[in-house]
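The next block holds one structure in the form of structure tokens; read it before the comments.
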Number of protein chains: 6
Amino acid sequence: MDERQIEEIVDRALAEDWGFGDVTTRAIIPAELEGKASIIAKAHGVLAGTEVARVVFHRVDSSLRFALLLRDGSEVQSGVTIAEVEGKVSSILRAERVALNFLQRLSGIASETHRYAEAIKGFNARIVDTRKTTPGLRFLEKYAVRVGGGYNHRSHLGDGILIKDNHLAALRARGLGLKAAIALAKKNAPHTLKIEVEVTTVEEAVEALEAGADIIMLDNMSVEEIRRAVKSVGGRVILEASGGITLDNVRAVAETGVDLISIGALTHSAKALDISLELEASSH
Amino acid sequence: MDERQIEEIVDRALAEDWGFGDVTTRAIIPAELEGKASIIAKAHGVLAGTEVARVVFHRVDSSLRFALLLRDGSEVQSGVTIAEVEGKVSSILRAERVALNFLQRLSGIASETHRYAEAIKGFNARIVDTRKTTPGLRFLEKYAVRVGGGYNHRSHLGDGILIKDNHLAALRARGLGLKAAIALAKKNAPHTLKIEVEVTTVEEAVEALEAGADIIMLDNMSVEEIRRAVKSVGGRVILEASGGITLDNVRAVAETGVDLISIGALTHSAKALDISLELEASSH
Amino acid sequence: MDERQIEEIVDRALAEDWGFGDVTTRAIIPAELEGKASIIAKAHGVLAGTEVARVVFHRVDSSLRFALLLRDGSEVQSGVTIAEVEGKVSSILRAERVALNFLQRLSGIASETHRYAEAIKGFNARIVDTRKTTPGLRFLEKYAVRVGGGYNHRSHLGDGILIKDNHLAALRARGLGLKAAIALAKKNAPHTLKIEVEVTTVEEAVEALEAGADIIMLDNMSVEEIRRAVKSVGGRVILEASGGITLDNVRAVAETGVDLISIGALTHSAKALDISLELEASSH
Amino acid sequence: MDERQIEEIVDRALAEDWGFGDVTTRAIIPAELEGKASIIAKAHGVLAGTEVARVVFHRVDSSLRFALLLRDGSEVQSGVTIAEVEGKVSSILRAERVALNFLQRLSGIASETHRYAEAIKGFNARIVDTRKTTPGLRFLEKYAVRVGGGYNHRSHLGDGILIKDNHLAALRARGLGLKAAIALAKKNAPHTLKIEVEVTTVEEAVEALEAGADIIMLDNMSVEEIRRAVKSVGGRVILEASGGITLDNVRAVAETGVDLISIGALTHSAKALDISLELEASSH
Amino acid sequence: MDERQIEEIVDRALAEDWGFGDVTTRAIIPAELEGKASIIAKAHGVLAGTEVARVVFHRVDSSLRFALLLRDGSEVQSGVTIAEVEGKVSSILRAERVALNFLQRLSGIASETHRYAEAIKGFNARIVDTRKTTPGLRFLEKYAVRVGGGYNHRSHLGDGILIKDNHLAALRARGLGLKAAIALAKKNAPHTLKIEVEVTTVEEAVEALEAGADIIMLDNMSVEEIRRAVKSVGGRVILEASGGITLDNVRAVAETGVDLISIGALTHSAKALDISLELEASSH
Amino acid sequence: MDERQIEEIVDRALAEDWGFGDVTTRAIIPAELEGKASIIAKAHGVLAGTEVARVVFHRVDSSLRFALLLRDGSEVQSGVTIAEVEGKVSSILRAERVALNFLQRLSGIASETHRYAEAIKGFNARIVDTRKTTPGLRFLEKYAVRVGGGYNHRSHLGDGILIKDNHLAALRARGLGLKAAIALAKKNAPHTLKIEVEVTTVEEAVEALEAGADIIMLDNMSVEEIRRAVKSVGGRVILEASGGITLDNVRAVAETGVDLISIGALTHSAKALDISLELEASSH
């Protein structure tokens, strides 16, 4: 992760939570009061975003001491201390909510990804994410997917050729089909990128293979259909299962032999991992 | 909602999804091809974020025609068309994912809030949100809560006095208790803001009332305790139930007579509402 | 005050004063020349903005040594040294004007506020500011008001309900009056905010109290009218005198027993406090 | 004035006044209510900033109709209508304070400059401003000075060579005097810029002339000394009087024959011109 | 190209050329004077950047009429009119230099690329660019390369796997060679990206092919060596010639049968195409 | 140069080269691997931009050790080491291309300027730049010109009065000529700026001198004409030769006795200086 990018996102989140200042703390907490806080997991999951949390505390007050006890990727249980922060109480309180908001969301994504990755253990398939991420947080969320044991699909429209149903619908109006689409992509796209195409039947998958696709996305197919597609074209092309995949059926999908299993819910519907901050002020 | 704020967030999301351009569309879609797309609900829920979606399409290409068929707050069923967009296919494809990402998340929050609001129908209590929002999207998410029938708690640290457990822990180190904290707030805080304090027992609630709190947050109390607190101090102060509230117990909490029920999960753990875009290109 | 916010404002001011560089210093001052400068008050007043001045010097050149001799809130006389800066002469000269511009304006506001606060010494009333601040500098100017012994009114449109004459004029077109306005506010506004309403007669003040206003602004009333309003509704509601208040009549207004006296001129018309920087270069 | 620069400053001011929205208007004003407002002078002065006010209204809501009745530079009396705005009441109320804050400050500066310009009518001297401007508003404030009949001095450190007392103090440590400073400037500075030097005695003025200065600033000299300086070097160099100049003595200074009279108070201490907005809602 | 990205770059360039305003035009050109200008090629080349030029004029003044007579990709001769602009003279003069700076640079790049593309006409190879672009202008410069008939290589570090000499040097310290590097890339990199590796001998090219590279960059090889590499591995992998390629030898390189010829000088050393603006003011 | 300005430009360039991260390095380089790199000249020229390069490395990773062996302005030969960087290999690789892009361009400009400055050695004339700079990099490029031994002309439209052919064409429509233009400039322009006018004949030069111009630009005149202009008006006004000047004829132009020779190609068409980075990883 890139420090500048993190700082930019953190600064925005801090500004959003600030208004014209923390009126509560200003009214009741002595400016010089020092204290120590623990960041504690309140549920079981996989930790992600500790570096972001550290940046939050340091952007608020560079004199805070932040000690990380666990690294991203660690499995935590409720009650485990993740990190400790010491310094001005007013600074800790000002950073608290923003730091936790990042940590809870990213750990929620890492935890959900981990559950999927565990579910397919022993198979070759990779769990991959999608572009269905929270606006403004994509690079952090894609990092959290990697922390949880998943892999990244395209980052954005610029780093992968993915011919989807809507592209094909558009070309159809011009009398062009799947093969023509793949041919155009081979002719015009940057040579550094593989060409992926979305299909909905085994027949289309075969057609795509013959047209020279590098990756074929099997969209919303049943496990049985995916199995047939693997038999027909597997090994000669990368196969991605996509759509309708849950923790209940992911292992069955992996068993078909597909290479990639993409899951939008990793980023658009993961629950936050419960994490809190507990403060003790120094008595002196 | 404020157009400038929406544009700023939308621009950021578009940039993040862009890289150096949509290589797929550039490679295979004729630059001048026109088409029409429908935005369609794929599940049941409450719609929110249509104005943000419109801004996404117009920031990408101000010549797109965007027709909204349903307004924010409408209940939708799977299969219902929410809006239609017409114009250049390349523009529609470039805006698609970002527009849907906003719409799915905000509608997810509105839908979840709506479920809570429906669950307590007939009681006086308001469902309220928290500061546990997605970094960078707070003002949109708080809007979605209102669309779903909820109310907003503090927007940020600057528009409400809320004395929490960590403030009290900090003051305790100086030998100060709940009463002293409330007295300090009354003395130093802006006169436009009410003073809220978090308590964990009925006794503390009584103490807070006597010290002059305007609002008392009953943190993680059982329904029975909340009922006792309402009996002891209700009517003379605004009472807020907070912590551990789910769709299963929210009606019981409302029955106690509390004024506010705050739920972090509205924003930190709502599932996205499934919504998709379907394109037809013009044949001429 | 928040370091990030200060830096953002300071960077903008430095950019504005920079163009493509300090052509004078570049032409005539040896790049390595070191020196020492004193920041000196040239008039009597209350100091505010020393932290902003420090940030200016450090954003220009983080190797400058900045020693603060007096803190914000100190009363200064002409000739008193406020701070000393040591390091590269070219850096000191580049920061000089911007640092002084902040210091002079903020100290001007603190000084003017202090004069008002002194004028009502012994009475209960608070001197409060308004939203009539310099565009772009509001949070600094509201800080300067606090330094001078004043209190802040609303920071912006989001942290206080204030029903003004123009709101009432708008509602009147719908056949709605003061009571209806207050009722709407109680029904729809966030529960964390008090409800303030502007009135112009004692009768309206009584009506506002009965309708449940938390704060009543007595707009442009004479001292005699304010006294009557205090008698009629004082004690049951917070009363704010506003409009036409000067150093000449502020004590008389305070004597009426109002709780708040708001003065736009604190921020829109305060004179700068005269402060200058004097440099000595090292001879070695 | 440049539209982009105005928009950037306006957007910042709107953001600062916004928080998470206008809670009062949202709570009590029907979203679709339309109205008409007049912007009215409440005191005598010279108008400046009407274009900025227009941008404020249009950035808030581009559908507002803004009709300007008077142009920048017009003299106004109390009661005169400056402009009219029609459209959504909620938009007008959201823009009101920010538009007035710009208009009052810029008109205040234009009015003060105008008083100085009038005071020296009939003489050759120009009233000029300084870099003692409000951080972040310099280009608007320098525009207001021109509107009021003044001229601009340097915009920033990059568009004029001005050798000041602190430069000379710095060079003295290296054993260099006024002549050496001017010689260095002639050798190293861009050829497009004139060379100005600050002096405190008539003798130094003569020395500066001989060394080749293009402009000489007579700093804090008495009217009598300025007169002597004009006699000694006038006509062969541009002479600028600076420091301690007020409306009481400015005419006497102009009578000496100096070319420029610079006054920091034009921008750092001008009082806001009183201007207000009055709203009428449509009854239909 | 994306309108938002263009506007952002254009605004920055306009700000940089502006300072506090066009003092010349303000001093001597009547504010309302209208005129018409022609943008004219002064040399032979390929046009690129006309859309950027249009944005420059419209960001300065949205009321200017900009008529494009030639499209990007057109070959121009000296004397040919590219576009015409009509409207306020002050706006045209303010936009002139910035519009030309973009147009000259981008057309310079397109022209240089075109010369290379013409030189290899008839062969299969593509001319491709590099990341050796002007800081801040990469996406425009890569667009200009496409306009000139070239293709884009990686846009940035995120959209292509390219294992270069420095990566291999780094791994060597760990005892790892070319094969290990490729294996790591296959294991860890996103599946959407092809894997390219830089080699300096034919033997390494063979090794890279066997290790599974998708693209092999032949770095600084002689034409003879490139020919041998094509014989050894051509057809089974994409081959890219890189380093030391000029207009003099590019055809010989293409004749070897390589797929890609990358040339840093397209963007880092292309000469500007001479283009100027000529104005006529209206006499009425 | 100003650190803030450099950082802003550097951050933009880093963002542009980053996408969502360096996928190659992430895939194959161990995160903790340390190494050392040398920045080495590959051609003869004058170095410029080392401070910018340092900022690039430190913005990427503030823990990198950057040791500069040569300063800006040094003449380098192929093979000479300019700087050394030590620290994390992943950080060095991420900064490499951006640092080199700046260094190569700025050194290219300094080298080209140096060639011109050397060519006129012994004459009085200064080599000066123009506003024909790369959009977004002007202040760095003007710095590189100074490093190469040149001088800066106007930085932007705000720091010099330059009446060009297009201004004169515009005024002609109003029946105004050269003299009227100069008179308007003297009347309305800031007194700190000299007045320059572009002429195309010796007669116009004489006219401009008589009208009071401070600087006269001789546009696209032959060496013979320039010589005549120098004879006619030299000594009483600053003379600038402009247009069509190359390394072949610059000495002849200087011999005429003009004061300034301006050359757009210094910034718009200078070739990059070849510079590369070579890495060694630590074996431990």
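If you're wondering about the labels, chains in the structure tokens are A, B, ... by order shown, residues count from 1 in each chain, ligands from 1 in order shown.
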
Residues at most 12 Å from C:Asn249, counting only C-alpha atoms, excluding those fewer than 6 positions away in the same chain, as a PyMOL selection string? chain C and resi 116+119-120+222-224+241+243+255-256+261+263

Need to verify the contact set: stretch 176-187 of chain F, 12 Å, only C-alpha atoms, exclusion of same-chain residues closer than 4 positions in sequence. Can you return it as a PyMOL selection string? (chain D and resi 124+126+151) or (chain E and resi 23-30+281+283) or (chain F and resi 160-172+191-200+203-216)

At most 9 Å to chain F: residues in chain B, only C-alpha atoms, as a count of residues only: 3

Which residues are close to A:Ala99, i.e. within 9 Å by only C-alpha atoms, leaving aside same-chain residues fewer than 5 positions away? Reply as a list in words.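 So the residues in contact are Val10, Gly49, Thr50, Val52, Ala53, Arg54, Val55, Val56, Phe57 and Gln104 of chain A.
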
Where in stretch 22-268 of chain F does DSSP assign helix (DSSP H, G or I), given as a VMD selection string? chain F and resid 23 to 28 50 to 60 89 to 119 138 to 147 165 to 172 178 to 188 202 to 211 223 to 233 250 to 255 265 to 268

Determine, counting only C-alpha atoms, which protein, DNA and RNA residues have an atom within 8 Å of an atom of stretch 267-276 of chain B; residues of the same chain fewer than 3 positions away are not included. Present the result as a count of residues only. 30

Which residues, written as a PyMOL selection string, have at least one atom at most 7 Å from E:Pro135, with only C-alpha atoms counted and residues fewer than 5 positions away on the same chain left out? chain F and resi 13+101-102

Can you tell me which residues surround D:Glu225 at a distance of at most 8 Å, considering only C-alpha atoms, apart from same-chain residues fewer than 4 positions away, and format the answer as a list in words?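 These residues fall inside the cut-off: Thr201, Val202, Met221 and Ala229 of chain D.
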
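Backbone DSSP of stretch 183-258 of chain C yields strand (DSSP E) at Ile195, Glu196, Val197, Glu198, Val199, Ile215, Ile216, Met217, Leu218, Asp219, Ile238, Leu239, Glu240, Ala241 and Ser242 of chain C.
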
Computed interatomic separation between atom CA of A:Ala48 and atom CA of A:Val147 (Å):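 Interatomic distance here is 6.6 Å.
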